[in-house]
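Source file: structure.txt (compact mmCIF, C-alpha atoms)
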```txt
# COMPACT_ATOMS: atom_id res chain seq x y z
CA MET A 1 -4.43 -36.04 -30.31
CA GLY A 2 -2.00 -38.32 -28.54
CA GLN A 3 0.86 -36.10 -29.63
CA LEU A 4 -0.94 -33.05 -28.33
CA LEU A 5 -1.56 -34.72 -24.99
CA SER A 6 2.04 -35.84 -24.69
CA PHE A 7 3.13 -32.31 -25.60
CA LEU A 8 0.90 -30.88 -22.90
CA TYR A 9 2.17 -33.47 -20.43
CA ARG A 10 5.82 -32.82 -21.27
CA PHE A 11 5.48 -29.13 -20.64
CA ARG A 12 2.97 -29.42 -17.81
CA ALA A 13 5.16 -27.42 -15.47
CA PHE A 14 5.23 -24.55 -17.91
CA PHE A 15 1.48 -24.67 -18.42
CA THR A 16 0.84 -24.69 -14.67
CA PHE A 17 3.16 -21.73 -14.44
CA LEU A 18 1.18 -19.93 -17.15
CA LEU A 19 -2.09 -20.74 -15.42
CA PHE A 20 -0.92 -19.32 -12.08
CA GLU A 21 0.53 -16.23 -13.73
CA LEU A 22 -2.71 -15.64 -15.61
CA ILE A 23 -4.63 -15.77 -12.33
CA CYS A 24 -2.15 -13.28 -10.85
CA VAL A 25 -2.38 -10.93 -13.83
CA TRP A 26 -6.15 -11.07 -13.61
CA LEU A 27 -5.97 -10.20 -9.91
CA ILE A 28 -3.54 -7.34 -10.53
CA VAL A 29 -5.62 -5.89 -13.37
CA ARG A 30 -8.82 -6.17 -11.39
CA HIS A 31 -7.11 -4.50 -8.43
CA ASN A 32 -5.87 -1.74 -10.75
CA ASP A 33 -9.33 -0.33 -11.05
CA TYR A 34 -8.75 1.98 -8.15
CA GLN A 35 -12.23 3.21 -7.63
CA ARG A 36 -13.75 -0.21 -7.27
CA SER A 37 -13.95 -2.88 -4.64
CA SER A 38 -10.70 -4.55 -3.84
CA PHE A 39 -10.92 -6.91 -0.94
CA SER A 40 -13.39 -9.74 -0.92
CA ASN A 41 -16.01 -10.30 1.74
CA ALA A 42 -14.46 -13.53 2.97
CA THR A 43 -11.02 -12.11 3.71
CA ALA A 44 -11.92 -8.59 4.75
CA ASP A 45 -12.86 -9.44 8.33
CA VAL A 46 -9.83 -11.68 8.93
CA VAL A 47 -7.37 -9.18 7.48
CA GLY A 48 -9.14 -6.35 9.28
CA SER A 49 -9.04 -7.99 12.67
CA VAL A 50 -5.37 -8.99 12.34
CA ASN A 51 -4.59 -5.41 11.35
CA GLU A 52 -6.56 -4.08 14.29
CA THR A 53 -4.79 -6.37 16.76
CA SER A 54 -1.33 -5.46 15.52
CA ASP A 55 -2.34 -1.80 15.47
CA ASN A 56 -3.59 -2.07 19.06
CA ILE A 57 -0.12 -3.16 20.13
CA ALA A 58 1.58 -0.47 18.07
CA ASP A 59 -0.80 2.15 19.49
CA TYR A 60 1.00 2.17 22.85
CA PHE A 61 4.22 3.35 21.25
CA SER A 62 2.65 6.45 19.76
CA LEU A 63 0.36 7.44 22.65
CA LYS A 64 2.40 10.51 23.53
CA LYS A 65 2.35 11.88 20.02
CA VAL A 66 -1.36 11.17 19.54
CA ASN A 67 -2.12 12.92 22.82
CA LYS A 68 -0.21 15.98 21.69
CA GLU A 69 -2.08 16.06 18.39
CA LEU A 70 -5.45 15.71 20.06
CA ALA A 71 -4.61 18.38 22.63
CA ALA A 72 -3.57 20.74 19.85
CA GLU A 73 -6.80 20.10 18.03
CA ASN A 74 -8.84 20.63 21.20
CA ALA A 75 -7.13 23.96 21.68
CA ARG A 76 -7.89 24.95 18.11
CA LEU A 77 -11.57 23.99 18.43
CA ARG A 78 -11.85 25.81 21.76
CA SER A 79 -10.45 28.96 20.21
CA LEU A 80 -13.04 28.62 17.44
CA ILE A 81 -15.81 28.47 20.02
CA LEU A 82 -14.42 31.50 21.82
CA SER A 83 -14.22 33.49 18.60
CA GLU A 84 -17.95 33.01 18.01
CA GLU A 85 -19.86 36.09 18.97
CA THR A 86 -22.00 35.20 21.93
CA PHE A 87 -23.43 38.60 22.76
CA PRO A 88 -24.84 40.35 19.72
CA ILE A 89 -24.28 44.09 19.97
CA ASP A 90 -27.07 44.80 17.53
CA SER A 91 -30.33 43.67 19.04
CA LEU A 92 -31.78 43.10 15.55
CA SER A 93 -29.51 40.13 14.97
CA GLN A 94 -31.17 38.35 17.85
CA PHE A 95 -34.17 37.82 15.69
CA LEU A 96 -32.27 36.33 12.78
CA ILE A 97 -33.18 32.73 13.47
CA GLU A 98 -32.50 30.17 10.78
CA GLU A 99 -35.69 28.51 9.68
CA ASP A 100 -34.23 25.04 9.42
CA THR A 101 -31.01 24.24 11.19
CA THR A 102 -30.28 21.24 8.95
CA ASP A 103 -29.79 23.68 6.08
CA SER A 104 -26.66 25.04 7.66
CA VAL A 105 -25.02 21.62 8.01
CA HIS A 106 -23.37 20.55 4.79
CA PHE A 107 -20.66 18.19 5.93
CA GLU A 108 -20.70 15.69 8.75
CA LEU A 109 -17.51 14.27 10.24
CA ILE A 110 -17.25 10.64 11.37
CA PRO A 111 -14.20 9.97 13.57
CA ALA A 112 -12.24 6.77 12.88
CA GLU A 113 -8.90 5.21 13.67
CA VAL A 114 -6.36 4.12 11.06
CA VAL A 115 -5.53 0.46 11.64
CA ARG A 116 -3.31 -0.02 8.61
CA ASN A 117 -1.34 2.46 6.59
CA SER A 118 1.48 2.16 4.09
CA ILE A 119 3.67 4.96 2.81
CA ARG A 120 6.60 3.21 1.13
CA ASN A 121 4.75 1.68 -1.80
CA VAL A 122 4.04 3.46 -5.06
CA ASN A 123 0.30 3.05 -4.57
CA ASN A 124 -0.55 3.32 -0.90
CA PHE A 125 -3.76 2.44 0.89
CA PHE A 126 -5.01 2.67 4.44
CA MET A 127 -7.63 0.86 6.46
CA LEU A 128 -10.04 2.34 9.01
CA ASN A 129 -11.71 0.59 11.94
CA LYS A 130 -15.17 1.82 10.96
CA GLY A 131 -17.32 0.81 8.05
CA SER A 132 -20.81 0.83 6.65
CA ASN A 133 -22.24 0.19 10.14
CA ASP A 134 -21.06 3.67 11.09
CA GLY A 135 -22.41 5.31 7.96
CA ILE A 136 -19.22 5.30 5.91
CA GLU A 137 -19.65 4.88 2.16
CA ALA A 138 -17.26 4.47 -0.74
CA GLY A 139 -16.22 7.78 -2.26
CA MET A 140 -16.16 9.82 0.95
CA GLY A 141 -13.19 12.02 1.72
CA VAL A 142 -10.84 11.46 4.67
CA MET A 143 -8.98 14.17 6.56
CA ASN A 144 -7.32 14.71 9.91
CA SER A 145 -6.62 17.84 11.90
CA LEU A 146 -3.67 18.68 9.64
CA GLY A 147 -5.26 18.23 6.23
CA VAL A 148 -6.40 15.86 3.50
CA VAL A 149 -5.58 12.16 3.91
CA GLY A 150 -7.39 10.44 1.04
CA LYS A 151 -10.67 8.94 -0.12
CA ILE A 152 -12.68 5.91 0.95
CA ARG A 153 -12.55 3.24 -1.71
CA ASP A 154 -14.46 0.30 -0.33
CA VAL A 155 -16.41 -0.45 2.84
CA ARG A 156 -17.42 -3.55 4.77
CA GLY A 157 -19.42 -3.79 7.97
CA ASN A 158 -16.70 -2.79 10.41
CA PHE A 159 -13.82 -1.75 8.21
CA ALA A 160 -13.22 0.65 5.37
CA GLN A 161 -10.36 0.78 2.91
CA GLY A 162 -9.12 4.07 1.59
CA ILE A 163 -6.82 5.33 -1.15
CA SER A 164 -4.14 7.45 0.43
CA LEU A 165 -3.18 10.80 -1.05
CA LEU A 166 0.17 9.01 -1.43
CA ASN A 167 -1.10 7.05 -4.41
CA THR A 168 0.03 7.82 -7.95
CA ARG A 169 -3.50 7.26 -9.18
CA ASN A 170 -5.35 9.47 -6.73
CA PRO A 171 -5.45 13.06 -8.05
CA ILE A 172 -7.18 15.65 -5.85
CA SER A 173 -8.58 18.95 -7.03
CA ALA A 174 -6.60 21.76 -5.40
CA ARG A 175 -6.49 25.55 -5.29
CA HIS A 176 -3.62 27.98 -4.92
CA GLN A 177 -5.07 30.01 -2.08
CA ILE A 178 -3.56 33.40 -2.91
CA SER A 179 -4.41 33.53 -6.61
CA GLY A 180 -7.45 31.27 -6.39
CA ARG A 181 -6.28 29.25 -9.41
CA MET A 182 -7.25 25.59 -9.69
CA GLY A 183 -4.85 22.70 -10.14
CA THR A 184 -4.47 19.04 -9.31
CA ILE A 185 -2.42 17.55 -6.52
CA LEU A 186 -0.80 14.26 -7.49
CA TRP A 187 1.82 12.21 -5.68
CA GLU A 188 4.79 11.09 -7.77
CA GLY A 189 5.49 7.84 -5.99
CA THR A 190 8.81 8.52 -4.27
CA ASN A 191 8.98 10.83 -1.24
CA PRO A 192 5.99 10.65 1.16
CA LYS A 193 6.55 14.25 2.28
CA TYR A 194 6.09 15.93 -1.10
CA ALA A 195 3.55 15.96 -3.92
CA GLN A 196 3.27 17.76 -7.23
CA LEU A 197 0.76 20.51 -8.04
CA GLN A 198 -0.12 20.33 -11.72
CA TYR A 199 -1.85 22.46 -14.36
CA LEU A 200 -1.04 25.90 -13.01
CA THR A 201 0.06 28.21 -15.83
CA PRO A 202 3.26 30.31 -15.53
CA ASP A 203 1.35 33.58 -15.37
CA VAL A 204 0.37 32.76 -11.80
CA GLN A 205 2.93 33.94 -9.29
CA VAL A 206 3.61 31.00 -7.02
CA LEU A 207 6.12 31.54 -4.24
CA PRO A 208 7.59 29.14 -1.71
CA GLY A 209 5.42 29.11 1.42
CA ASP A 210 2.13 29.67 -0.43
CA THR A 211 -0.76 27.61 0.86
CA ILE A 212 -2.46 24.94 -1.27
CA VAL A 213 -5.99 23.97 -0.21
CA THR A 214 -8.78 21.84 -1.65
CA SER A 215 -10.99 23.47 -4.25
CA SER A 216 -14.77 23.56 -4.12
CA PHE A 217 -14.86 21.73 -7.48
CA ASN A 218 -15.76 18.37 -6.03
CA SER A 219 -18.38 16.85 -3.82
CA ILE A 220 -15.88 14.89 -1.73
CA PHE A 221 -14.01 17.55 0.22
CA PRO A 222 -15.28 20.83 1.62
CA LYS A 223 -13.33 23.75 0.21
CA ASP A 224 -10.27 25.21 1.93
CA ILE A 225 -9.07 22.03 3.59
CA MET A 226 -5.31 22.25 3.93
CA LEU A 227 -3.21 20.19 1.49
CA GLY A 228 0.25 21.66 1.93
CA THR A 229 2.66 24.51 1.29
CA VAL A 230 4.70 25.27 -1.83
CA VAL A 231 8.38 24.40 -1.59
CA SER A 232 9.56 25.28 -5.08
CA SER A 233 8.05 26.33 -8.36
CA ALA A 234 9.55 26.56 -11.84
CA PRO A 235 8.09 26.60 -15.37
CA ASP A 236 8.41 23.32 -17.24
CA ARG A 237 10.45 22.86 -20.43
CA ASN A 238 7.75 24.08 -22.82
CA ASN A 239 6.69 26.91 -20.52
CA THR A 240 3.08 25.68 -20.56
CA TYR A 241 2.71 24.73 -16.91
CA LEU A 242 4.53 25.22 -13.66
CA ASN A 243 6.31 22.38 -11.87
CA ILE A 244 5.28 23.00 -8.30
CA GLN A 245 6.61 20.93 -5.43
CA VAL A 246 4.26 20.92 -2.45
CA GLU A 247 5.17 19.85 1.08
CA LEU A 248 2.17 17.93 2.39
CA SER A 249 0.76 19.14 5.69
CA VAL A 250 -0.24 15.65 6.87
CA ASP A 251 2.49 13.47 8.36
CA PHE A 252 1.47 10.18 6.75
CA GLY A 253 4.12 8.26 8.67
CA SER A 254 2.24 8.76 11.94
CA LEU A 255 -1.39 8.74 10.85
CA SER A 256 -3.61 7.72 13.76
CA TYR A 257 -7.02 9.38 14.12
CA VAL A 258 -8.90 10.71 11.11
CA TYR A 259 -12.31 12.07 10.15
CA VAL A 260 -14.39 10.68 7.34
CA ILE A 261 -16.25 13.50 5.58
CA LYS A 262 -19.87 12.85 4.79
CA ASN A 263 -21.31 15.30 2.29
CA ILE A 264 -25.03 15.43 2.99
CA TYR A 265 -25.80 16.91 -0.42
CA LYS A 266 -23.48 14.64 -2.39
CA GLU A 267 -26.25 12.84 -4.21
CA GLU A 268 -27.92 16.09 -5.16
CA GLN A 269 -24.63 17.58 -6.33
CA ASP A 270 -23.59 14.50 -8.31
CA SER A 271 -26.97 14.03 -9.96
CA LEU A 272 -26.87 17.64 -11.16
CA ILE A 273 -23.40 17.10 -12.59
CA ASN A 274 -24.49 13.91 -14.30
CA SER A 275 -27.59 15.47 -15.81
CA THR A 276 -25.55 18.35 -17.23
CA PRO A 277 -22.32 16.72 -18.37
CA MET A 278 -20.83 20.02 -19.57
CA ILE A 279 -19.91 20.90 -16.02
CA GLN A 280 -17.52 17.98 -15.78
CA GLN A 281 -13.97 19.08 -16.55
CA MET B 1 9.94 -34.74 2.38
CA SER B 2 8.49 -36.72 5.29
CA LYS B 3 11.70 -36.40 7.26
CA HIS B 4 11.36 -32.64 7.34
CA SER B 5 7.61 -32.24 7.32
CA ILE B 6 7.43 -31.05 10.94
CA LEU B 7 10.20 -28.50 10.42
CA LEU B 8 8.56 -27.36 7.19
CA VAL B 9 5.12 -26.87 8.73
CA VAL B 10 6.49 -25.12 11.81
CA SER B 11 8.79 -22.88 9.78
CA TYR B 12 5.92 -22.05 7.43
CA ILE B 13 3.63 -20.88 10.24
CA PHE B 14 6.46 -19.07 11.99
CA LEU B 15 7.73 -17.29 8.88
CA MET B 16 4.29 -16.22 7.67
CA ALA B 17 3.40 -14.87 11.12
CA VAL B 18 6.69 -12.99 11.39
CA GLN B 19 6.25 -11.60 7.89
CA VAL B 20 2.71 -10.36 8.47
CA LEU B 21 3.01 -9.17 12.06
CA LEU B 22 6.58 -7.93 12.22
CA PHE B 23 8.34 -7.33 8.91
CA ARG B 24 5.34 -5.62 7.35
CA ASN B 25 5.72 -2.79 9.85
CA PHE B 26 9.36 -2.05 9.14
CA VAL B 27 10.80 -0.48 6.04
CA ILE B 28 14.51 -0.16 6.64
CA LEU B 29 16.23 3.01 5.35
CA GLN B 30 12.88 3.96 3.78
CA VAL B 31 13.49 1.64 0.82
CA GLY B 32 14.35 -1.80 2.21
CA PHE B 33 11.54 -4.33 2.52
CA GLY B 34 12.30 -7.69 4.12
CA PHE B 35 10.52 -10.66 2.58
CA VAL B 36 11.67 -13.24 5.08
CA TYR B 37 8.88 -15.71 4.21
CA LEU B 38 10.80 -16.51 1.03
CA LEU B 39 13.04 -18.67 3.22
CA PHE B 40 10.28 -21.25 3.30
CA LEU B 41 10.02 -21.41 -0.48
CA LEU B 42 13.79 -21.39 -0.93
CA SER B 43 14.38 -24.16 1.60
CA LEU B 44 11.91 -26.66 0.09
CA PRO B 45 13.64 -29.95 -0.85
CA THR B 46 14.07 -30.81 -4.55
CA GLU B 47 11.44 -33.56 -4.26
CA VAL B 48 8.78 -30.87 -4.17
CA GLY B 49 8.15 -30.68 -7.90
CA PHE B 50 7.25 -27.77 -10.14
CA ASN B 51 3.52 -27.94 -9.58
CA MET B 52 3.56 -28.41 -5.82
CA GLY B 53 6.17 -25.69 -5.46
CA MET B 54 4.20 -23.21 -7.52
CA LEU B 55 0.98 -24.05 -5.69
CA LEU B 56 2.64 -23.45 -2.30
CA ALA B 57 4.18 -20.23 -3.57
CA PHE B 58 0.85 -19.04 -4.91
CA ILE B 59 -1.02 -19.74 -1.67
CA SER B 60 1.52 -18.17 0.65
CA ALA B 61 2.10 -15.13 -1.55
CA ILE B 62 -1.64 -14.49 -1.91
CA ILE B 63 -1.86 -14.36 1.90
CA ILE B 64 1.05 -11.89 1.93
CA ASP B 65 -0.68 -9.89 -0.80
CA LEU B 66 -3.85 -9.55 1.26
CA PHE B 67 -1.91 -7.94 4.05
CA TYR B 68 0.30 -5.76 1.85
CA GLN B 69 -2.77 -4.63 -0.15
CA THR B 70 -1.06 -5.52 -3.42
CA THR B 71 -3.39 -8.21 -4.74
CA GLY B 72 -1.56 -10.53 -7.13
CA ILE B 73 1.83 -8.84 -7.30
CA HIS B 74 3.64 -10.94 -4.71
CA ALA B 75 1.84 -14.04 -5.97
CA SER B 76 3.07 -13.59 -9.53
CA ALA B 77 6.62 -13.00 -8.32
CA ALA B 78 6.59 -16.02 -6.00
CA VAL B 79 5.17 -18.32 -8.67
CA PHE B 80 7.87 -17.13 -11.05
CA LEU B 81 10.50 -17.78 -8.37
CA MET B 82 9.31 -21.36 -7.88
CA PHE B 83 9.15 -21.93 -11.64
CA VAL B 84 12.75 -20.83 -12.11
CA ARG B 85 14.11 -22.50 -8.98
CA PRO B 86 14.49 -26.07 -10.31
CA PHE B 87 16.42 -24.82 -13.37
CA TRP B 88 18.58 -22.61 -11.16
CA LEU B 89 19.23 -25.53 -8.78
CA LYS B 90 20.61 -27.52 -11.73
CA THR B 91 22.95 -24.64 -12.57
CA VAL B 92 24.37 -24.17 -9.08
CA VAL B 93 24.90 -27.81 -8.04
CA PRO B 94 27.40 -27.93 -5.15
CA ARG B 95 30.53 -30.08 -5.64
CA SER B 96 29.06 -32.96 -3.64
CA GLY B 97 25.73 -32.88 -5.48
CA TYR B 98 22.29 -32.77 -3.83
CA GLU B 99 21.26 -35.31 -1.23
CA VAL B 100 17.81 -36.78 -1.65
CA ASN B 101 15.28 -35.19 0.73
CA ASP B 102 17.65 -32.53 2.00
CA MET B 103 16.35 -29.05 2.59
CA MET B 104 18.14 -26.30 0.73
CA THR B 105 19.64 -24.68 3.79
CA ILE B 106 23.00 -23.41 5.00
CA SER B 107 23.41 -26.31 7.43
CA ASN B 108 23.28 -28.80 4.54
CA TYR B 109 25.18 -27.04 1.79
CA GLY B 110 27.15 -24.21 3.38
CA LEU B 111 26.86 -20.43 3.51
CA VAL B 112 28.72 -19.64 0.27
CA TRP B 113 26.58 -21.98 -1.79
CA PHE B 114 23.40 -20.70 -0.19
CA LEU B 115 24.24 -17.06 -0.91
CA GLY B 116 24.96 -17.91 -4.54
CA TYR B 117 21.70 -19.83 -4.74
CA ALA B 118 19.38 -17.44 -2.91
CA THR B 119 20.58 -13.97 -3.91
CA PRO B 120 19.69 -14.08 -7.65
CA LEU B 121 16.30 -15.64 -6.91
CA VAL B 122 15.46 -13.03 -4.27
CA PHE B 123 16.68 -10.30 -6.62
CA ALA B 124 14.40 -11.57 -9.39
CA TYR B 125 11.50 -11.70 -6.92
CA CYS B 126 12.08 -8.13 -5.71
CA CYS B 127 12.47 -6.91 -9.31
CA ILE B 128 9.06 -8.27 -10.27
CA VAL B 129 7.38 -7.00 -7.11
CA PHE B 130 8.67 -3.43 -7.33
CA PHE B 131 8.50 -2.94 -11.09
CA VAL B 132 4.98 -4.34 -11.39
CA GLU B 133 3.93 -2.24 -8.43
CA ALA B 134 5.44 0.94 -9.89
CA GLY B 135 3.76 0.16 -13.22
CA THR B 136 6.02 2.66 -14.94
CA ILE B 137 9.72 3.20 -15.58
CA ASN B 138 9.51 6.92 -14.87
CA ILE B 139 10.80 6.33 -11.37
CA PHE B 140 13.36 3.74 -12.50
CA TRP B 141 16.17 4.72 -10.13
CA ASN B 142 13.90 4.79 -7.13
CA THR B 143 12.57 1.35 -8.01
CA ILE B 144 15.98 -0.16 -8.65
CA THR B 145 17.27 1.21 -5.32
CA LYS B 146 14.30 -0.37 -3.56
CA THR B 147 15.01 -3.66 -5.35
CA VAL B 148 18.71 -3.80 -4.49
CA VAL B 149 18.33 -2.71 -0.85
CA SER B 150 15.40 -5.08 -0.29
CA THR B 151 17.35 -7.97 -1.81
CA VAL B 152 20.28 -7.37 0.55
CA ILE B 153 18.01 -7.05 3.59
CA THR B 154 15.91 -10.10 2.70
CA VAL B 155 18.97 -12.29 2.12
CA ALA B 156 20.57 -11.05 5.36
CA PHE B 157 17.46 -11.88 7.40
CA ILE B 158 17.07 -15.27 5.70
CA VAL B 159 20.67 -16.14 6.65
CA PHE B 160 20.26 -14.91 10.25
CA THR B 161 17.00 -16.81 10.67
CA GLN B 162 18.69 -20.02 9.61
CA TYR B 163 21.59 -19.58 12.03
CA LEU B 164 19.23 -18.72 14.88
CA PHE B 165 16.35 -21.14 14.48
CA TYR B 166 17.19 -23.96 12.10
CA PRO B 167 18.81 -27.26 13.18
CA LYS B 168 22.56 -27.08 13.26
CA SER B 169 24.81 -28.83 10.76
CA LYS B 170 24.96 -32.59 11.02
CA TYR B 171 28.64 -32.74 10.07
```

Starting from the file, give its structure as structure tokens.
Amino acid sequence: MGQLLSFLYRFRAFFTFLLFELICVWLIVRHNDYQRSSFSNATADVVGSVNETSDNIADYFSLKKVNKELAAENARLRSLILSEETFPIDSLSQFLIEEDTTDSVHFELIPAEVVRNSIRNVNNFFMLNKGSNDGIEAGMGVMNSLGVVGKIRDVRGNFAQGISLLNTRNPISARHQISGRMGTILWEGTNPKYAQLQYLTPDVQVLPGDTIVTSSFNSIFPKDIMLGTVVSSAPDRNNTYLNIQVELSVDFGSLSYVYVIKNIYKEEQDSLINSTPMIQQ
Amino acid sequence: MSKHSILLVVSYIFLMAVQVLLFRNFVILQVGFGFVYLLFLLSLPTEVGFNMGMLLAFISAIIIDLFYQTTGIHASAAVFLMFVRPFWLKTVVPRSGYEVNDMMTISNYGLVWFLGYATPLVFAYCCIVFFVEAGTINIFWNTITKTVVSTVITVAFIVFTQYLFYPKSKY
């Protein structure tokens, strides 16, 4: 016993080292579970408010660019309004009144500001200045006027943390718009401008410039949200799939204002999928 | 230890604030991260033993982790750095030996010695941070570029900070 104690005492530095490293490994492994909560209640508010303050200062330097983006989006929305038919030519259509207007609303958008965003790590995250108080829940999709940004991973009262599309563990169901074929968009971890489109077979003709959008195969994103455009495409070594390089439409380096997508029928959709597991995959 | 406690506390607060508020927002050349807070850990006097050193490293790196959203990765690297440091200090003893209670800074031991002492430790730190974060060796060259560039930038900023803000040489 005495020998054991003296052994422990002699190598106490090493054992302390092991102890600390074990704590760290535990933290890393726990954090690795990307769909689950990551930041603790106690620290979330402090980290969030420091992020918000430093973002407030940084905001002034990008005002011009943000203004341009918002103006462009306003113009786009205005043109959408104008393209709606206001005067029906056929008088019959005047009587086509929807019974319940809530039926026609499937997705609701909650505007939020990005207070923290990283793009140079291998697994990037972002933080929004709105949380559960504004109706944001874990698992919701995030987009901006240019396209898909990521998913919400964890929420607190006034802040939400999201997994960026620039995360090697965040695959997103995608569709090649011209052929309609499904694939998966996954970031490789190096260049924040490009991602890889996987699982498209070589019989599909994919050309540079083709549009890649979200598929309707998930309850997170509405279909046909822009993801990016094809830059290059070549069959892989075994000729089973295509290696498709996609230029992302969102400029992650200057992410400022985003929309959180609330799917009103998510529960319904998910419970149906869970009760009939064949549909998954 | 007591002689330098004020400098240590002030430099700790200053370096952590600069790291979180300033350096976190800049990634130089798209691959170079600056971990300037390591200066605090590197400059601790030898009297700070293994356990105290590792505890300080753990606490400060966990704070950094919270802001970098990389829970545990910086902490493991910093604890490793402080575990290796005493052995490394024995290997790179300057010709005059270490003075009791002296901080491990340029003003006490000279620029050449400091570079030889700090660079391998910072390199080891960056290696752990980037390889654990990548979690794969598929993007080996990208990771190793990040490691090397970040090491150079971190060491450069650590040296500049000492010339700008630390007490000048007593000789």

Practice problem: Fewer than 5 positions away in the same chain doesn't count, so skip those; otherwise give me all residues within 12 Å of Gly32 of chain B, counting all atoms listed in the file, as a VMD selection string. | Solution: (chain A and resid 120 to 121) or (chain B and resid 23 to 27 126 130 142 to 157)

Exercise. Could you please determine the separation between atom CA of Phe221 of chain A and atom CA of Asn263 of chain A in Å, to one decimal place?
Key: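 Taking atom CA of Phe221 of chain A as the start and atom CA of Asn263 of chain A as the end point, the length is 7.9 Å.
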
Practice problem: Output the contact residues of chain B with respect to chain A at a cut-off of 8 Å, based on all atoms listed in the file, as a list of chain:residue names. | Solution: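 Going by the stated atoms only, the list reads B:Leu21, B:Val27, B:Gln30, B:Val31, B:Phe50, B:Asn51, B:Met54, B:Phe58, B:Leu66, B:Phe67, B:Gln69, B:Thr70, B:Thr71, B:Gly72, B:Ile73, B:Ala75, B:Ser76, B:Val79, B:Phe80, B:Phe83, B:Glu133, B:Ala134, B:Ile139, B:Asn142.
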
Quiz item: atom CA of Tyr257 of chain A and atom CA of Gly139 of chain A, how far apart in Å?
Solution: 18.9 Å

Quiz prompt | Contact residues around Ile172 of chain A with all atoms listed in the file at 7 Å, ignoring same-chain residues under 5 positions, as an MDAnalysis selection string | solution = chainID A and resid 184:186

Quiz item: In Å, how far is it from atom CA of Ala77 of chain B to atom CA of Met16 of chain B?
Solution: 16.5 Å

Quiz prompt | Spatial neighbours of segment 235-243 of chain A, 10 Å, all atoms listed in the file, chain gap at least 6 places, as a VMD selection string | solution = chain A and resid 196 to 206

For the residues selected in the previous step, produce a file with C-alpha atoms as a PDB file, keeping the file's coordinate frame.
```pdb
ATOM      1  CA  GLN A 196       3.270  17.760  -7.230  1.00  0.00           C
ATOM      2  CA  LEU A 197       0.760  20.510  -8.040  1.00  0.00           C
ATOM      3  CA  GLN A 198      -0.120  20.330 -11.720  1.00  0.00           C
ATOM      4  CA  TYR A 199      -1.850  22.460 -14.360  1.00  0.00           C
ATOM      5  CA  LEU A 200      -1.040  25.900 -13.010  1.00  0.00           C
ATOM      6  CA  THR A 201       0.060  28.210 -15.830  1.00  0.00           C
ATOM      7  CA  PRO A 202       3.260  30.310 -15.530  1.00  0.00           C
ATOM      8  CA  ASP A 203       1.350  33.580 -15.370  1.00  0.00           C
ATOM      9  CA  VAL A 204       0.370  32.760 -11.800  1.00  0.00           C
ATOM     10  CA  GLN A 205       2.930  33.940  -9.290  1.00  0.00           C
ATOM     11  CA  VAL A 206       3.610  31.000  -7.020  1.00  0.00           C
TER      12      VAL A 206
END
```

Quiz item: Which one is closest to Pro86 of chain B: B:Leu115, B:Leu121, B:Leu55, B:Ala61? Count only C-alpha atoms.
Solution: B:Leu121

Exercise. Within 10 Å of Glu47 of chain B, counting only C-alpha atoms, which residues show up once you throw out same-chain ones fewer than 6 positions away? Write them as a ChimeraX atom specification, please.
Key: /B:1,53,100-103

Can you write out the residues you just picked, keeping C-alpha atoms, as a CSV table (one decimal), in the frame of the given file?
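Done, and the output landed in part.csv:
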```csv
chain,number,residue,atom,x,y,z
B,1,MET,CA,9.9,-34.7,2.4
B,53,GLY,CA,6.2,-25.7,-5.5
B,100,VAL,CA,17.8,-36.8,-1.6
B,101,ASN,CA,15.3,-35.2,0.7
B,102,ASP,CA,17.6,-32.5,2.0
B,103,MET,CA,16.4,-29.0,2.6
```
